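Data block for input_15.pdb (PDB, C-alpha atoms and all ligand atoms):
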```pdb
MODEL        1
ATOM      1  CA  MET A   6    -132.990-103.255  -1.158
ATOM      2  CA  LEU A   7    -136.749-103.058  -1.674
ATOM      3  CA  LYS A   8    -138.308-103.570   1.745
ATOM      4  CA  THR A   9    -141.635-102.600   3.316
ATOM      5  CA  PRO A  10    -141.040-100.385   6.373
ATOM      6  CA  GLY A  11    -140.799-102.131   9.769
ATOM      7  CA  ASP A  12    -143.874-100.318  11.127
ATOM      8  CA  PHE A  13    -146.084-101.498   8.256
ATOM      9  CA  ASP A  14    -148.615-104.143   9.376
ATOM     10  CA  GLY A  15    -149.778-106.276   6.463
ATOM     11  CA  ALA A  16    -152.080-108.544   8.527
ATOM     12  CA  PHE A  17    -155.542-108.951   7.043
ATOM     13  CA  ASN A  18    -158.384-106.985   8.620
ATOM     14  CA  ASP A  19    -161.900-106.260   7.556
ATOM     15  CA  PHE A  20    -162.176-102.738   6.258
ATOM     16  CA  ASP A  21    -165.224-101.322   7.995
ATOM     17  CA  ALA A  22    -163.028 -98.511   9.325
ATOM     18  CA  ALA A  23    -162.638 -97.374   5.711
ATOM     19  CA  SER A  24    -162.813 -93.650   5.359
ATOM     20  CA  PRO A  25    -160.817 -91.816   2.693
ATOM     21  CA  GLU A  26    -160.003 -88.902   5.024
ATOM     22  CA  ASN A  27    -157.867 -90.907   7.428
ATOM     23  CA  ALA A  28    -156.437 -93.541   5.102
ATOM     24  CA  ILE A  29    -153.646 -93.896   2.599
ATOM     25  CA  ASN A  30    -155.400 -94.430  -0.732
ATOM     26  CA  ILE A  31    -153.351 -95.900  -3.557
ATOM     27  CA  ILE A  32    -154.926 -95.758  -6.983
ATOM     28  CA  VAL A  33    -153.765 -98.632  -9.162
ATOM     29  CA  ARG A  34    -154.132 -99.063 -12.914
ATOM     30  CA  LYS A  35    -152.762-102.565 -13.645
ATOM     31  CA  SER A  36    -149.047-102.198 -12.741
ATOM     32  CA  GLU A  37    -149.113 -98.397 -12.417
ATOM     33  CA  ILE A  38    -149.790 -96.007  -9.537
ATOM     34  CA  LEU A  39    -151.297 -92.531  -9.634
ATOM     35  CA  VAL A  40    -148.583 -90.073  -8.519
ATOM     36  CA  ASP A  41    -148.707 -86.339  -7.862
ATOM     37  CA  ASP A  42    -146.819 -84.355 -10.523
ATOM     38  CA  ARG A  43    -145.825 -81.561  -8.172
ATOM     39  CA  GLN A  44    -144.605 -83.416  -5.109
ATOM     40  CA  SER A  45    -143.080 -86.735  -4.160
ATOM     41  CA  ASP A  46    -146.389 -88.275  -3.095
ATOM     42  CA  LEU A  47    -149.334 -90.450  -4.081
ATOM     43  CA  PHE A  48    -152.282 -88.719  -5.738
ATOM     44  CA  SER A  49    -155.691 -89.614  -4.316
ATOM     45  CA  LYS A  50    -157.878 -86.513  -4.417
ATOM     46  CA  THR A  51    -159.930 -87.774  -7.331
ATOM     47  CA  ASP A  52    -163.250 -89.390  -8.168
ATOM     48  CA  LEU A  53    -161.300 -92.480  -9.280
ATOM     49  CA  LEU A  54    -161.540 -93.766  -5.673
ATOM     50  CA  SER A  55    -163.346 -97.105  -5.642
ATOM     51  CA  PRO A  56    -166.371 -97.676  -3.361
ATOM     52  CA  LEU A  57    -164.934-101.124  -2.571
ATOM     53  CA  PRO A  58    -161.184-100.714  -2.167
ATOM     54  CA  GLN A  59    -158.896-103.563  -1.190
ATOM     55  CA  TYR A  60    -157.346-103.425   2.284
ATOM     56  CA  ILE A  61    -153.536-103.657   2.068
ATOM     57  CA  GLY A  62    -152.467-103.034   5.667
ATOM     58  CA  ARG A  63    -151.774-100.338   8.232
ATOM     59  CA  TYR A  64    -148.972 -97.810   8.197
ATOM     60  CA  LYS A  65    -148.373 -95.078  10.768
ATOM     61  CA  ARG A  66    -151.868 -95.661  12.223
ATOM     62  CA  LEU A  67    -153.508 -95.216   8.831
ATOM     63  CA  SER A  68    -155.291 -97.924   6.882
ATOM     64  CA  VAL A  69    -153.867 -98.457   3.406
ATOM     65  CA  TYR A  70    -156.235 -99.256   0.535
ATOM     66  CA  ALA A  71    -155.717-100.091  -3.104
ATOM     67  CA  HIS A  72    -158.320 -98.718  -5.494
ATOM     68  CA  SER A  73    -158.199-100.537  -8.826
ATOM     69  CA  VAL A  74    -159.348 -98.638 -11.885
ATOM     70  CA  HIS A  75    -159.912 -99.936 -15.416
ATOM     71  CA  GLY A  76    -157.010-100.071 -17.869
ATOM     72  CA  ALA A  77    -158.083 -97.033 -19.890
ATOM     73  CA  ALA A  78    -158.650 -94.676 -16.913
ATOM     74  CA  GLU A  79    -157.022 -91.301 -17.569
ATOM     75  CA  ALA A  80    -154.872 -89.485 -15.031
ATOM     76  CA  PRO A  81    -156.539 -86.375 -13.569
ATOM     77  CA  GLU A  82    -154.994 -82.911 -13.923
ATOM     78  CA  GLY A  83    -151.746 -82.695 -11.927
ATOM     79  CA  ALA A  84    -151.147 -86.451 -11.732
ATOM     80  CA  SER A  85    -149.520 -89.211 -13.817
ATOM     81  CA  TRP A  86    -149.551 -92.999 -13.999
ATOM     82  CA  VAL A  87    -146.118 -94.277 -12.978
ATOM     83  CA  GLY A  88    -144.942 -97.889 -13.342
ATOM     84  CA  LEU A  89    -143.521 -99.658 -10.309
ATOM     85  CA  ARG A  90    -139.870 -99.584 -11.402
ATOM     86  CA  ALA A  91    -140.036 -95.841 -11.993
ATOM     87  CA  LEU A  92    -141.610 -95.258  -8.557
ATOM     88  CA  PHE A  93    -138.269 -95.757  -6.829
ATOM     89  CA  GLY A  94    -136.725 -92.345  -6.688
ATOM     90  CA  ARG A  95    -140.054 -90.712  -7.545
ATOM     91  CA  LEU A  96    -141.701 -91.592  -4.187
ATOM     92  CA  PRO A  97    -140.108 -91.973  -0.737
ATOM     93  CA  ASP A  98    -138.797 -95.572  -0.376
ATOM     94  CA  ASP A  99    -141.425 -96.547   2.214
ATOM     95  CA  LEU A 100    -144.334 -95.448   0.012
ATOM     96  CA  ALA A 101    -142.803 -97.064  -3.071
ATOM     97  CA  ALA A 102    -142.494-100.393  -1.235
ATOM     98  CA  ILE A 103    -146.092-100.193   0.042
ATOM     99  CA  ALA A 104    -147.235 -99.279  -3.474
ATOM    100  CA  GLY A 105    -145.481-102.464  -4.650
ATOM    101  CA  ARG A 106    -147.709-104.470  -2.305
ATOM    102  CA  ALA A 107    -150.771-102.605  -3.538
ATOM    103  CA  ILE A 108    -149.939-103.407  -7.170
ATOM    104  CA  GLN A 109    -149.240-107.043  -6.355
ATOM    105  CA  LEU A 110    -152.513-107.534  -4.439
ATOM    106  CA  SER A 111    -154.574-105.572  -6.974
ATOM    107  CA  GLU A 112    -153.185-107.652  -9.817
ATOM    108  CA  TRP A 113    -154.022-110.857  -7.953
ATOM    109  CA  ASP A 114    -157.548-109.574  -7.198
ATOM    110  CA  ARG A 115    -158.062-108.526 -10.825
ATOM    111  CA  SER A 116    -156.885-111.850 -12.252
ATOM    112  CA  HIS A 117    -158.915-114.075  -9.898
ATOM    113  CA  ARG A 118    -162.401-112.687 -10.495
ATOM    114  CA  PHE A 119    -163.505-116.077 -11.825
ATOM    115  CA  CYS A 120    -162.986-119.518 -10.330
ATOM    116  CA  GLY A 121    -160.103-121.340 -12.034
ATOM    117  CA  ALA A 122    -161.902-124.678 -11.588
ATOM    118  CA  CYS A 123    -165.533-124.007 -12.585
ATOM    119  CA  GLY A 124    -165.588-120.478 -14.034
ATOM    120  CA  THR A 125    -168.098-119.010 -11.545
ATOM    121  CA  PRO A 126    -167.465-115.374 -10.462
ATOM    122  CA  THR A 127    -165.568-115.341  -7.124
ATOM    123  CA  GLU A 128    -166.123-113.105  -4.100
ATOM    124  CA  ARG A 129    -163.743-111.625  -1.557
ATOM    125  CA  ALA A 130    -163.575-113.756   1.580
ATOM    126  CA  GLU A 131    -164.523-111.921   4.757
ATOM    127  CA  LYS A 132    -162.015-113.245   7.254
ATOM    128  CA  GLU A 133    -158.866-113.704   5.206
ATOM    129  CA  ARG A 134    -157.153-112.243   2.169
ATOM    130  CA  ALA A 135    -158.622-114.628  -0.393
ATOM    131  CA  ARG A 136    -161.215-114.918  -3.151
ATOM    132  CA  ARG A 137    -163.711-117.752  -2.853
ATOM    133  CA  CYS A 138    -165.958-119.551  -5.325
ATOM    134  CA  GLY A 139    -169.502-119.881  -3.955
ATOM    135  CA  ALA A 140    -170.287-122.733  -6.360
ATOM    136  CA  CYS A 141    -167.430-125.211  -5.795
ATOM    137  CA  GLY A 142    -165.686-123.762  -2.714
ATOM    138  CA  LEU A 143    -162.281-123.207  -4.340
ATOM    139  CA  THR A 144    -160.311-120.530  -2.489
ATOM    140  CA  ALA A 145    -157.614-118.475  -4.241
ATOM    141  CA  TYR A 146    -154.895-116.790  -2.161
ATOM    142  CA  PRO A 147    -152.441-114.170  -3.403
ATOM    143  CA  ARG A 148    -149.902-116.073  -5.463
ATOM    144  CA  ILE A 149    -146.198-115.775  -4.696
ATOM    145  CA  SER A 150    -143.655-117.337  -7.054
ATOM    146  CA  PRO A 151    -140.314-118.184  -5.440
ATOM    147  CA  ALA A 152    -137.175-117.555  -7.431
ATOM    148  CA  MET A 153    -133.558-118.015  -6.456
ATOM    149  CA  MET A 154    -130.443-116.010  -7.126
ATOM    150  CA  CYS A 155    -126.862-117.218  -6.783
ATOM    151  CA  LEU A 156    -123.564-115.357  -6.839
ATOM    152  CA  VAL A 157    -120.800-117.911  -7.491
ATOM    153  CA  THR A 158    -117.343-117.128  -6.070
ATOM    154  CA  ARG A 159    -113.915-118.579  -6.955
ATOM    155  CA  GLY A 160    -111.084-117.265  -4.790
ATOM    156  CA  ASN A 161    -111.426-113.485  -4.950
ATOM    157  CA  GLU A 162    -113.489-113.630  -8.169
ATOM    158  CA  ILE A 163    -117.259-113.517  -8.659
ATOM    159  CA  LEU A 164    -119.223-114.905 -11.595
ATOM    160  CA  LEU A 165    -121.482-112.352 -13.280
ATOM    161  CA  ALA A 166    -123.615-112.952 -16.331
ATOM    162  CA  ARG A 167    -125.501-110.938 -18.903
ATOM    163  CA  ASN A 168    -129.017-112.167 -19.461
ATOM    164  CA  VAL A 169    -130.134-111.709 -23.077
ATOM    165  CA  ASN A 170    -132.904-109.365 -21.804
ATOM    166  CA  PHE A 171    -130.659-107.083 -19.706
ATOM    167  CA  PRO A 172    -130.013-103.456 -20.675
ATOM    168  CA  PRO A 173    -126.734-103.096 -22.662
ATOM    169  CA  GLY A 174    -123.590-103.559 -20.540
ATOM    170  CA  ARG A 175    -125.399-104.787 -17.399
ATOM    171  CA  TYR A 176    -124.167-107.914 -15.559
ATOM    172  CA  SER A 177    -125.641-109.612 -12.490
ATOM    173  CA  ALA A 178    -125.785-112.805 -10.444
ATOM    174  CA  LEU A 179    -127.498-115.883 -11.919
ATOM    175  CA  ALA A 180    -131.213-116.227 -11.183
ATOM    176  CA  GLY A 181    -134.234-118.318 -12.053
ATOM    177  CA  PHE A 182    -137.631-119.544 -10.887
ATOM    178  CA  LEU A 183    -138.096-122.656  -8.783
ATOM    179  CA  GLU A 184    -139.639-125.707 -10.435
ATOM    180  CA  ALA A 185    -142.505-127.519  -8.679
ATOM    181  CA  GLY A 186    -141.071-129.925  -6.117
ATOM    182  CA  GLU A 187    -137.676-128.235  -5.777
ATOM    183  CA  SER A 188    -136.072-126.698  -2.706
ATOM    184  CA  ALA A 189    -134.367-123.329  -3.161
ATOM    185  CA  GLU A 190    -131.023-125.158  -2.870
ATOM    186  CA  ASP A 191    -132.008-127.679  -5.579
ATOM    187  CA  ALA A 192    -132.898-124.750  -7.823
ATOM    188  CA  VAL A 193    -129.500-123.094  -7.250
ATOM    189  CA  HIS A 194    -127.607-126.227  -8.342
ATOM    190  CA  ARG A 195    -129.884-126.773 -11.363
ATOM    191  CA  GLU A 196    -129.938-123.160 -12.575
ATOM    192  CA  VAL A 197    -126.176-122.684 -12.265
ATOM    193  CA  ARG A 198    -125.621-125.956 -14.158
ATOM    194  CA  GLU A 199    -128.171-125.047 -16.870
ATOM    195  CA  GLU A 200    -127.122-121.422 -17.335
ATOM    196  CA  VAL A 201    -123.318-121.675 -17.225
ATOM    197  CA  GLY A 202    -122.472-125.407 -17.053
ATOM    198  CA  ILE A 203    -120.598-125.478 -13.725
ATOM    199  CA  GLU A 204    -121.101-127.192 -10.346
ATOM    200  CA  VAL A 205    -121.163-125.285  -7.045
ATOM    201  CA  LYS A 206    -120.812-126.170  -3.342
ATOM    202  CA  ASP A 207    -121.060-124.588   0.120
ATOM    203  CA  LEU A 208    -124.255-122.581  -0.454
ATOM    204  CA  ARG A 209    -124.598-119.632   1.884
ATOM    205  CA  TYR A 210    -128.003-118.010   2.429
ATOM    206  CA  PHE A 211    -127.905-114.235   2.056
ATOM    207  CA  ALA A 212    -131.423-112.735   2.220
ATOM    208  CA  SER A 213    -134.800-112.721   0.510
ATOM    209  CA  GLN A 214    -136.772-109.913  -1.038
ATOM    210  CA  SER A 215    -140.292-109.485  -2.344
ATOM    211  CA  TRP A 216    -140.058-108.625  -6.023
ATOM    212  CA  PRO A 217    -143.507-107.560  -7.187
ATOM    213  CA  PHE A 218    -142.895-108.008 -10.953
ATOM    214  CA  PRO A 219    -145.549-109.284 -10.709
ATOM    215  CA  HIS A 220    -145.392-111.603  -7.667
ATOM    216  CA  SER A 221    -141.934-113.094  -7.040
ATOM    217  CA  LEU A 222    -140.042-113.790  -3.868
ATOM    218  CA  MET A 223    -136.317-113.720  -4.615
ATOM    219  CA  ILE A 224    -134.174-115.910  -2.330
ATOM    220  CA  ALA A 225    -130.478-115.048  -2.623
ATOM    221  CA  PHE A 226    -127.423-117.220  -1.999
ATOM    222  CA  SER A 227    -123.731-117.157  -2.629
ATOM    223  CA  ALA A 228    -121.902-120.414  -3.431
ATOM    224  CA  GLU A 229    -118.359-121.599  -4.057
ATOM    225  CA  TYR A 230    -117.285-122.823  -7.456
ATOM    226  CA  ALA A 231    -116.714-126.614  -7.355
ATOM    227  CA  SER A 232    -115.954-127.841 -10.897
ATOM    228  CA  GLY A 233    -116.552-127.463 -14.616
ATOM    229  CA  GLU A 234    -115.842-125.058 -17.479
ATOM    230  CA  LEU A 235    -117.973-121.969 -18.141
ATOM    231  CA  ARG A 236    -120.352-122.867 -20.974
ATOM    232  CA  PRO A 237    -123.135-120.229 -21.056
ATOM    233  CA  ASP A 238    -126.536-121.356 -22.351
ATOM    234  CA  THR A 239    -126.766-118.851 -25.203
ATOM    235  CA  SER A 240    -130.577-118.877 -25.328
ATOM    236  CA  GLU A 241    -130.665-117.216 -21.884
ATOM    237  CA  ILE A 242    -127.148-115.931 -21.162
ATOM    238  CA  ALA A 243    -125.381-113.607 -23.606
ATOM    239  CA  ASP A 244    -122.092-113.684 -21.665
ATOM    240  CA  ALA A 245    -120.688-114.905 -18.326
ATOM    241  CA  GLN A 246    -117.291-114.033 -16.882
ATOM    242  CA  TRP A 247    -115.264-114.079 -13.664
ATOM    243  CA  PHE A 248    -114.716-110.567 -12.300
ATOM    244  CA  THR A 249    -112.676-109.119  -9.428
ATOM    245  CA  GLN A 250    -113.343-106.020  -7.365
ATOM    246  CA  SER A 251    -111.048-104.006  -9.648
ATOM    247  CA  SER A 252    -112.595-105.145 -12.947
ATOM    248  CA  LEU A 253    -116.347-104.879 -12.355
ATOM    249  CA  PRO A 254    -118.824-104.327 -15.199
ATOM    250  CA  GLN A 255    -122.027-102.262 -14.886
ATOM    251  CA  LEU A 256    -124.047-103.682 -11.954
ATOM    252  CA  PRO A 257    -127.798-103.752 -11.121
ATOM    253  CA  PRO A 258    -129.327-100.723  -9.308
ATOM    254  CA  GLN A 259    -129.102-100.315  -5.522
ATOM    255  CA  VAL A 260    -132.778-101.136  -4.934
ATOM    256  CA  SER A 261    -132.259-104.760  -6.025
ATOM    257  CA  ILE A 262    -131.250-107.676  -3.829
ATOM    258  CA  ALA A 263    -128.781-108.606  -6.600
ATOM    259  CA  ARG A 264    -126.761-105.481  -5.905
ATOM    260  CA  ALA A 265    -126.842-106.037  -2.139
ATOM    261  CA  LEU A 266    -125.665-109.645  -2.678
ATOM    262  CA  ILE A 267    -122.816-108.551  -4.969
ATOM    263  CA  ASP A 268    -121.639-105.709  -2.676
ATOM    264  CA  ASN A 269    -121.843-107.867   0.440
ATOM    265  CA  THR A 270    -120.001-110.801  -1.166
ATOM    266  CA  LEU A 271    -117.237-108.587  -2.567
ATOM    267  CA  ALA A 272    -116.702-107.106   0.918
ATOM    268  CA  ARG A 273    -116.484-110.622   2.396
ATOM    269  CA  LEU A 274    -113.983-111.770  -0.277
ATOM    270  CA  GLU A 275    -111.919-108.640   0.337
ATOM    271  CA  ASN A 276    -111.688-109.592   4.016
ATOM    272  CA  THR A 277    -110.812-113.215   3.245
ATOM    273  CA  HIS A 278    -108.418-112.780   0.325
ATOM    274  CA  GLY A 279    -107.149-109.261   1.007
TER     275      GLY A 279
HETATM  276 ZN    ZN A 301    -165.624-122.866  -8.593
ENDMDL
END
```

Rewrite the coordinates I just gave you, this time as structure tokens.
Amino acid sequence: MLKTPGDFDGAFNDFDAASPENAINIIVRKSEILVDDRQSDLFSKTDLLSPLPQYIGRYKRLSVYAHSVHGAAEAPEGASWVGLRALFGRLPDDLAAIAGRAIQLSEWDRSHRFCGACGTPTERAEKERARRCGACGLTAYPRISPAMMCLVTRGNEILLARNVNFPPGRYSALAGFLEAGESAEDAVHREVREEVGIEVKDLRYFASQSWPFPHSLMIAFSAEYASGELRPDTSEIADAQWFTQSSLPQLPPQVSIARALIDNTLARLENTHG
């Protein structure tokens, strides 16, 4: 699962200790990171460093900064722009997860340069991670969009579905964004009903995971089948089927919470149903 390391401190601090020699500098171009071509590391020895980087947190006694560059900035000799999904495997897991935070915060910073209410340019707040409008006082915080995921079980079977946008052959648990006013549990019942036409019961919380594509928080549950016939909503779901441990289709990659939820639930069913 994607997870920032336990010794990473994401609390907001002012960045007057900023000094490129004893910091981790992450250079961000929209949703891409500058990576060293020759080793499994970030690339930061470049004049692309910003004079006003954004403080991301502290890791192993080093301050971490994101330096946003414009969308057409070219990679220097010996480095490449790498998108977040491709970072996993290319960088150590801890750096990839921290880079995910850097991308998420840079994207928020970049897209809140003007007040959403009155259009005045905003400024970074001094004492918290926020952008503030000097004209009307509106404060914008990094946006996080909750989404839920649900793996439905029936006896020793699990329900997996193919979203119309998945790579060929891939199946996963059902998932969707929360609507305004809903609890995560409300969203589970609604999404399962909308996507495959069945009712579920006995929701069981599994875990949550930051999913910086671009700013989701995925909250994962399993639930027991209660009633109804599978009727996939064909605009979103290409196929949905019950699978057992011995008949599994292609599953999502290990880095995802979906895969952890599926593996964990299958192990639990194995213990219960043998
Ligand atoms: Zn304003």

Q: May I have the residues within 8 Å of stretch 71-81 of chain A as a ChimeraX atom specification, using all atoms listed in the file and disregarding those fewer than 3 positions away in the same chain?
A: /A:30-35,39,51,53-55,57-61,84-86,107-108,111

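Take the candidates A:Ser227, A:Thr125, A:Gln255, A:Ser221 and check each one against ligand ZN 301 (chain A) using all atoms listed in the file; the shortest distance goes to A:Thr125.
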
Q: Calculate how many Å separate atom CA of A:Leu67 from atom CA of A:Asp99, rounding to one decimal.
A: 13.8 Å

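Checking A:Leu274, A:Leu183, A:Ala140, A:Leu235 one by one against ligand ZN 301 (chain A), counting all atoms listed in the file, you find the shortest gap at A:Ala140.
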
Q. So which residues get picked by the PyMOL selection byres (((not hetatm)) within 7 of (chain A and resi 301)) here, written as a VMD selection string?
A. chain A and resid 120 to 125 138 to 143

(Q) Once the PyMOL selection byres (((chain A and resi 162-166) around 7) and not hetatm) has been evaluated on this model, what residues remain selected, and can you format them as a PyMOL selection string? (A) chain A and resi 156-161+167-168+176-179+242+244-249

Q) Can you tell me how far atom CA of A:Ser213 sits from atom CA of A:Pro10, in Å to one decimal? A) 15.0 Å

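For the pair atom CA of A:Gly15 and atom CA of A:Gly62, the interatomic distance is 4.3 Å.
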
**Q.** Contacts of A:Arg137 within 6 Å, only C-alpha atoms, excl. fewer than 3 positions in-chain, as a list in words
**A.** Thr127, Glu128, Ala130, Leu143 and Thr144 of chain A

With 6 Å added on each side, what axis-aligned box encloses every listed atom of stretch 106-118 of chain A? Give the centre and edge lengths in Å to one decimal, as JSON.
```
{"center_x": -155.1, "center_y": -108.3, "center_z": -7.3, "size_x": 26.7, "size_y": 23.5, "size_z": 21.9}
```

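Compared by their closest atoms to A:Cys155, and using only C-alpha atoms, the residues A:Asp268, A:Glu275, A:Asp41, A:Glu229 rank with A:Glu229 nearest.
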
(Q) I need the output of the PyMOL selection byres (((chain A and resi 210) around 9) and not hetatm) for this file as a ChimeraX atom specification; which residues are they? (A) /A:208-209,211-213,224-228

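With all atoms listed in the file taken into account, the protein and nucleic acid residues at most 7 Å from A:Leu7 (excluding it and anything under 6 positions from it in its own chain) are A:Ala102, A:Gln214, A:Val260, A:Ser261.
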
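Using all atoms listed in the file, the nearest neighbour of A:Asn18 within the list A:Arg134, A:Arg43, A:Arg148, A:Arg106 is A:Arg134.
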
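Nearest to A:Arg63 of all the residues A:Pro173, A:Ser251, A:Arg273, A:Asp14 is A:Asp14, counting only C-alpha atoms.
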